[in-house]
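J.: Got a file for you: my_file_8.cif, mmCIF, C-alpha atoms.
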```cif
data_data
loop_
_atom_site.label_atom_id
_atom_site.label_comp_id
_atom_site.auth_asym_id
_atom_site.auth_seq_id
_atom_site.Cartn_x
_atom_site.Cartn_y
_atom_site.Cartn_z
CA MET A 17 14.11 -4.58 -16.80
CA GLN A 18 11.84 -5.43 -19.71
CA ARG A 19 13.40 -7.08 -22.69
CA GLY A 20 13.53 -5.01 -25.83
CA ALA A 21 12.75 -1.80 -23.95
CA VAL A 22 15.10 1.14 -24.18
CA PHE A 23 15.42 3.34 -21.14
CA ILE A 24 16.79 6.84 -21.37
CA ALA A 25 17.83 8.69 -18.25
CA VAL A 26 16.76 12.31 -18.51
CA ASP A 27 17.21 14.94 -15.84
CA LEU A 28 13.86 16.71 -15.66
CA SER A 29 14.49 18.43 -12.33
CA HIS A 30 14.75 21.92 -13.85
CA ILE A 31 11.42 21.46 -15.65
CA ILE A 32 9.75 19.96 -12.59
CA GLY A 33 10.93 22.90 -10.52
CA LYS A 34 9.39 25.38 -12.96
CA ILE A 35 6.11 23.44 -13.07
CA ALA A 36 5.97 23.19 -9.28
CA SER A 37 6.63 26.90 -8.81
CA ARG A 38 3.96 27.84 -11.36
CA GLY A 39 1.49 25.51 -9.66
CA ALA A 40 1.98 27.40 -6.41
CA LYS A 41 1.05 30.70 -8.12
CA ARG A 42 -2.22 29.48 -9.63
CA GLN A 43 -4.71 26.86 -8.71
CA ILE A 44 -5.12 23.92 -11.07
CA THR A 45 -8.79 23.05 -11.38
CA LYS A 46 -8.64 20.07 -13.74
CA THR A 47 -8.14 16.70 -12.07
CA MET A 48 -5.03 15.14 -13.54
CA PHE A 49 -5.21 11.81 -11.78
CA HIS A 50 -8.05 9.85 -10.25
CA ARG A 51 -8.53 10.26 -6.52
CA PHE A 52 -10.56 8.39 -3.95
CA CYS A 53 -12.13 9.87 -0.82
CA HIS A 54 -10.56 7.36 1.58
CA GLU A 55 -7.11 8.60 0.48
CA ALA A 56 -7.95 12.32 0.75
CA GLU A 57 -5.75 12.93 3.80
CA TYR A 58 -2.66 11.83 1.81
CA TYR A 59 -3.14 13.98 -1.28
CA PRO A 60 -1.83 17.32 0.04
CA THR A 61 1.62 15.80 0.66
CA LEU A 62 1.36 12.56 -1.36
CA SER A 63 2.68 10.79 1.73
CA ARG A 64 1.23 7.50 0.47
CA LEU A 65 1.06 5.90 -2.96
CA PRO A 66 -2.38 6.76 -4.38
CA LEU A 67 -4.41 3.90 -5.86
CA HIS A 68 -4.18 5.45 -9.30
CA MET A 69 -0.39 5.53 -9.05
CA ARG A 70 -0.39 1.92 -7.87
CA MET A 71 -2.39 1.03 -10.97
CA LYS A 72 0.28 2.62 -13.16
CA LEU A 73 3.02 0.72 -11.32
CA ASP A 74 1.13 -2.56 -11.75
CA LEU A 75 0.64 -1.88 -15.46
CA ILE A 76 4.35 -1.24 -16.07
CA GLY A 77 5.68 -3.90 -13.71
CA VAL A 78 7.57 -1.58 -11.36
CA LYS A 79 7.74 -2.10 -7.63
CA ILE A 80 8.59 0.75 -5.29
CA SER A 81 8.32 0.85 -1.53
CA LEU A 82 6.79 3.66 0.49
CA LYS A 83 10.33 4.56 1.55
CA ASP A 84 11.33 4.87 -2.14
CA TRP A 85 8.21 6.94 -2.89
CA LEU A 86 8.93 9.33 -0.03
CA SER A 87 12.56 9.73 -1.13
CA PHE A 88 11.28 11.48 -4.26
CA SER A 89 10.54 15.17 -3.91
CA PHE A 90 6.91 16.28 -3.68
CA ALA A 91 7.20 17.77 -7.17
CA GLU A 92 8.52 14.47 -8.55
CA ARG A 93 5.72 12.51 -6.85
CA THR A 94 3.21 14.96 -8.30
CA VAL A 95 4.63 14.53 -11.80
CA LEU A 96 4.48 10.75 -11.45
CA CYS A 97 0.82 10.91 -10.43
CA HIS A 98 0.03 13.05 -13.46
CA LEU A 99 1.99 11.18 -16.11
CA PRO A 100 -0.22 9.18 -18.46
CA CYS A 101 0.21 5.42 -18.73
CA ALA A 102 -2.03 4.20 -21.55
CA SER A 103 0.17 3.67 -24.60
CA ASP A 104 3.37 1.63 -24.81
CA GLU A 105 5.33 4.86 -25.26
CA GLU A 106 3.77 6.42 -22.14
CA LYS A 107 4.54 3.27 -20.16
CA ALA A 108 8.16 3.37 -21.35
CA VAL A 109 8.49 7.05 -20.37
CA LEU A 110 7.00 6.41 -16.92
CA THR A 111 9.30 3.43 -16.39
CA ALA A 112 12.34 5.43 -17.54
CA TYR A 113 11.46 8.32 -15.21
CA LEU A 114 11.01 5.97 -12.25
CA ASP A 115 14.34 4.34 -13.11
CA PHE A 116 15.96 7.79 -13.25
CA LEU A 117 14.54 8.66 -9.82
CA SER A 118 15.62 5.32 -8.37
CA GLN A 119 19.15 5.84 -9.67
CA LYS A 120 19.16 9.41 -8.36
CA TYR A 121 17.96 8.63 -4.83
CA ARG A 122 18.90 4.99 -4.23
CA GLY A 123 21.78 4.51 -6.64
CA VAL A 124 20.20 1.37 -8.12
CA PRO A 125 17.89 0.64 -11.05
CA VAL A 126 14.18 0.60 -10.35
CA GLN A 127 12.92 -2.78 -9.15
CA MET A 128 10.97 -4.57 -11.86
CA THR A 129 8.26 -7.12 -11.15
CA GLU A 130 5.64 -8.99 -13.12
CA ILE A 131 3.25 -6.76 -15.06
CA MET A 132 -0.29 -7.13 -13.78
CA ASP A 133 -2.70 -8.09 -16.55
CA SER A 134 -5.43 -5.46 -16.84
CA ALA A 135 -7.80 -8.25 -17.87
CA LEU A 136 -8.11 -8.93 -14.13
CA TRP A 137 -10.33 -5.84 -13.84
CA GLU A 138 -11.21 -5.17 -17.49
CA GLN A 139 -13.25 -8.34 -17.96
CA SER A 140 -17.02 -8.13 -18.36
CA LEU A 141 -17.64 -10.46 -15.42
CA VAL A 142 -17.16 -9.27 -11.85
CA PRO A 143 -13.88 -10.83 -10.64
CA GLU A 144 -14.24 -13.45 -7.91
CA PRO A 145 -12.31 -11.44 -5.25
CA VAL A 146 -14.64 -8.46 -5.81
CA ARG A 147 -17.77 -10.63 -5.65
CA GLU A 148 -16.60 -12.32 -2.47
CA LYS A 149 -15.50 -9.11 -0.76
CA SER A 150 -18.71 -7.27 -1.67
CA ALA A 151 -21.00 -9.98 -0.25
CA GLU A 152 -21.44 -8.09 3.04
CA ALA A 153 -22.37 -4.75 1.43
CA GLY A 154 -24.43 -6.20 -1.41
CA VAL A 155 -22.67 -8.10 -4.16
CA VAL A 156 -21.35 -5.96 -7.01
CA THR A 157 -23.57 -6.63 -10.01
CA THR A 158 -22.37 -7.04 -13.58
CA ASN A 159 -24.31 -3.90 -14.45
CA GLU A 160 -22.47 -1.89 -11.78
CA TRP A 161 -19.13 -3.38 -12.80
CA LEU A 162 -19.56 -2.50 -16.47
CA GLY A 163 -20.73 1.01 -15.56
CA TRP A 164 -17.50 1.88 -13.78
CA PRO A 165 -14.44 3.08 -15.72
CA SER A 166 -11.21 1.09 -15.66
CA HIS A 167 -9.51 3.01 -12.82
CA GLN A 168 -12.52 2.45 -10.55
CA ARG A 169 -12.67 -1.26 -11.37
CA TYR A 170 -8.92 -1.48 -10.67
CA ALA A 171 -9.46 0.20 -7.28
CA LEU A 172 -12.13 -2.34 -6.35
CA TYR A 173 -10.06 -5.26 -7.58
CA LYS A 174 -6.85 -4.07 -5.90
CA THR A 175 -8.53 -3.36 -2.57
CA ALA A 176 -10.40 -6.70 -2.74
CA ILE A 177 -7.10 -8.58 -2.88
CA SER A 178 -5.25 -6.27 -0.46
CA LYS A 179 -3.79 -7.83 2.64
CA SER A 180 -2.45 -4.55 4.04
CA GLN A 181 -5.63 -2.43 3.74
CA PRO A 182 -8.65 -4.76 3.79
CA GLU A 183 -10.92 -1.96 5.03
CA ALA A 184 -10.27 0.14 1.92
CA PHE A 185 -12.53 -2.09 -0.22
CA ALA A 186 -15.70 -1.04 1.61
CA ASP A 187 -14.66 2.61 1.41
CA VAL A 188 -14.05 2.43 -2.36
CA LEU A 189 -17.26 0.48 -3.01
CA ASP A 190 -19.34 2.94 -0.95
CA GLU A 191 -17.77 5.87 -2.79
CA LEU A 192 -18.40 4.38 -6.25
CA ARG A 193 -22.00 3.55 -5.40
CA GLN A 194 -22.58 7.05 -4.01
CA LYS A 195 -21.11 8.65 -7.15
CA ARG A 196 -23.29 6.46 -9.34
CA LYS A 197 -26.35 7.33 -7.27
CA LEU A 198 -25.61 11.05 -7.65
CA ALA A 199 -24.97 10.71 -11.38
CA THR A 200 -28.09 8.68 -12.14
CA GLY A 201 -30.40 10.02 -9.45
CA THR A 202 -31.29 6.50 -8.33
#
```
Go ahead and render the structure in this file as structure tokens.
T.:
Amino acid sequence: MQRGAVFIAVDLSHIIGKIASRGAKRQITKTMFHRFCHEAEYYPTLSRLPLHMRMKLDLIGVKISLKDWLSFSFAERTVLCHLPCASDEEKAVLTAYLDFLSQKYRGVPVQMTEIMDSALWEQSLVPEPVREKSAEAGVVTTNEWLGWPSHQRYALYKTAISKSQPEAFADVLDELRQKRKLATGT
């Protein structure tokens, strides 16, 4: 656990149930978390940890396995994907909720790990792993890099260093370049 942080266990299951049942009655049209095409098959059931959720976990220093993730209900996984993680307070709430779920389903506190420094993908220079990995498809330029928002740069960085899904990098890069092409008409 982080030093100086206060974690409060709160049972939100009754609220989550209400939200989930309302969601079934009406379609939500606003995207609440960032999605990538190569993960599309997992979104209906959230049977895998989406890249955007992995970014949140890296930013708060929490490690959960796929088995842990799947032990949470679909409604709980959905809430986790939609919780914000920008401010220190939001990070503390997300960490506390993950700790609550870990205690609920595994009987142990959530596993903490080193917080990943967002400077790895927030810097103005294209990170070395991204440059190296993009060499085959055309090296990512500084202009491209700076034109992508943080969550997209994270996705490229994370997939560039991935040992378990090395093919995902090309998929993410192709998607980002296609989106940019559509947006700019070039």
J.: Could you please determine the separation between atom CA of Tyr121 of chain A and atom CA of Glu92 of chain A in Å, to one decimal place?
T.: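 Atom CA of Tyr121 of chain A sits 11.7 Å away from atom CA of Glu92 of chain A.
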J.: Step by step, work through what the PyMOL selection byres ((chain A and resi 196) around 12) selects in the shown file, and finish by giving those residues as a PyMOL selection string.
T.: chain A and resi 159-161+163-165+168+189-195+197-202
J.: Could you list the residues chosen by the PyMOL selection byres ((chain A and resi 122-127) around 9) in this structure as a list of chain:residue names?
T.: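 Applied to this file, the PyMOL selection byres ((chain A and resi 122-127) around 9) selects A:Met17, A:Gly77, A:Val78, A:Lys79, A:Ile80, A:Asp84, A:Ser87, A:Thr111, A:Ala112, A:Leu114, A:Asp115, A:Phe116, A:Leu117, A:Ser118, A:Gln119, A:Lys120, A:Tyr121, A:Met128, A:Thr129.
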J.: Give me the residues within 12 Å of Arg70 of chain A as a PDB file with C-alpha atoms, in the frame of the given file, counting all atoms listed in the file and dropping any in the same chain fewer than 6 places off.
T.:
```
ATOM      1  CA  PHE A  49      -5.210  11.810 -11.780  1.00  0.00           C
ATOM      2  CA  HIS A  50      -8.050   9.850 -10.250  1.00  0.00           C
ATOM      3  CA  ARG A  51      -8.530  10.260  -6.520  1.00  0.00           C
ATOM      4  CA  ARG A  64       1.230   7.500   0.470  1.00  0.00           C
ATOM      5  CA  ILE A  76       4.350  -1.240 -16.070  1.00  0.00           C
ATOM      6  CA  GLY A  77       5.680  -3.900 -13.710  1.00  0.00           C
ATOM      7  CA  VAL A  78       7.570  -1.580 -11.360  1.00  0.00           C
ATOM      8  CA  LYS A  79       7.740  -2.100  -7.630  1.00  0.00           C
ATOM      9  CA  ILE A  80       8.590   0.750  -5.290  1.00  0.00           C
ATOM     10  CA  SER A  81       8.320   0.850  -1.530  1.00  0.00           C
ATOM     11  CA  LEU A  82       6.790   3.660   0.490  1.00  0.00           C
ATOM     12  CA  TRP A  85       8.210   6.940  -2.890  1.00  0.00           C
ATOM     13  CA  LEU A  96       4.480  10.750 -11.450  1.00  0.00           C
ATOM     14  CA  CYS A  97       0.820  10.910 -10.430  1.00  0.00           C
ATOM     15  CA  CYS A 101       0.210   5.420 -18.730  1.00  0.00           C
ATOM     16  CA  ILE A 131       3.250  -6.760 -15.060  1.00  0.00           C
ATOM     17  CA  MET A 132      -0.290  -7.130 -13.780  1.00  0.00           C
ATOM     18  CA  HIS A 167      -9.510   3.010 -12.820  1.00  0.00           C
ATOM     19  CA  TYR A 170      -8.920  -1.480 -10.670  1.00  0.00           C
ATOM     20  CA  ALA A 171      -9.460   0.200  -7.280  1.00  0.00           C
ATOM     21  CA  LYS A 174      -6.850  -4.070  -5.900  1.00  0.00           C
ATOM     22  CA  THR A 175      -8.530  -3.360  -2.570  1.00  0.00           C
TER      23      THR A 175
END
```
J.: Would you work out the distance separating atom CA of Trp137 of chain A from atom CA of Ser166 of chain A, expressed in Å to one decimal?
T.: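 Separating atom CA of Trp137 of chain A from atom CA of Ser166 of chain A is a distance of 7.2 Å.
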J.: Atom CA of Ala135 of chain A and atom CA of Ala176 of chain A, how far apart in Å?
T.: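 According to the coordinates, atom CA of Ala176 of chain A and atom CA of Ala135 of chain A are separated by 15.4 Å.
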J.: So which residues touch Thr94 of chain A within 10 Å, counting all atoms listed in the file, skipping near sequence neighbours fewer than 2 positions away, as a PyMOL selection string?
T.: chain A and resi 32+36+48-49+59+61-62+88-92+96-99
J.: Mind telling me what the PyMOL selection byres ((chain A and resi 147) around 12) catches here, as a VMD selection string?
T.: chain A and resid 141 to 146 148 to 158 160 to 161 172 to 173 176 to 177 185 189
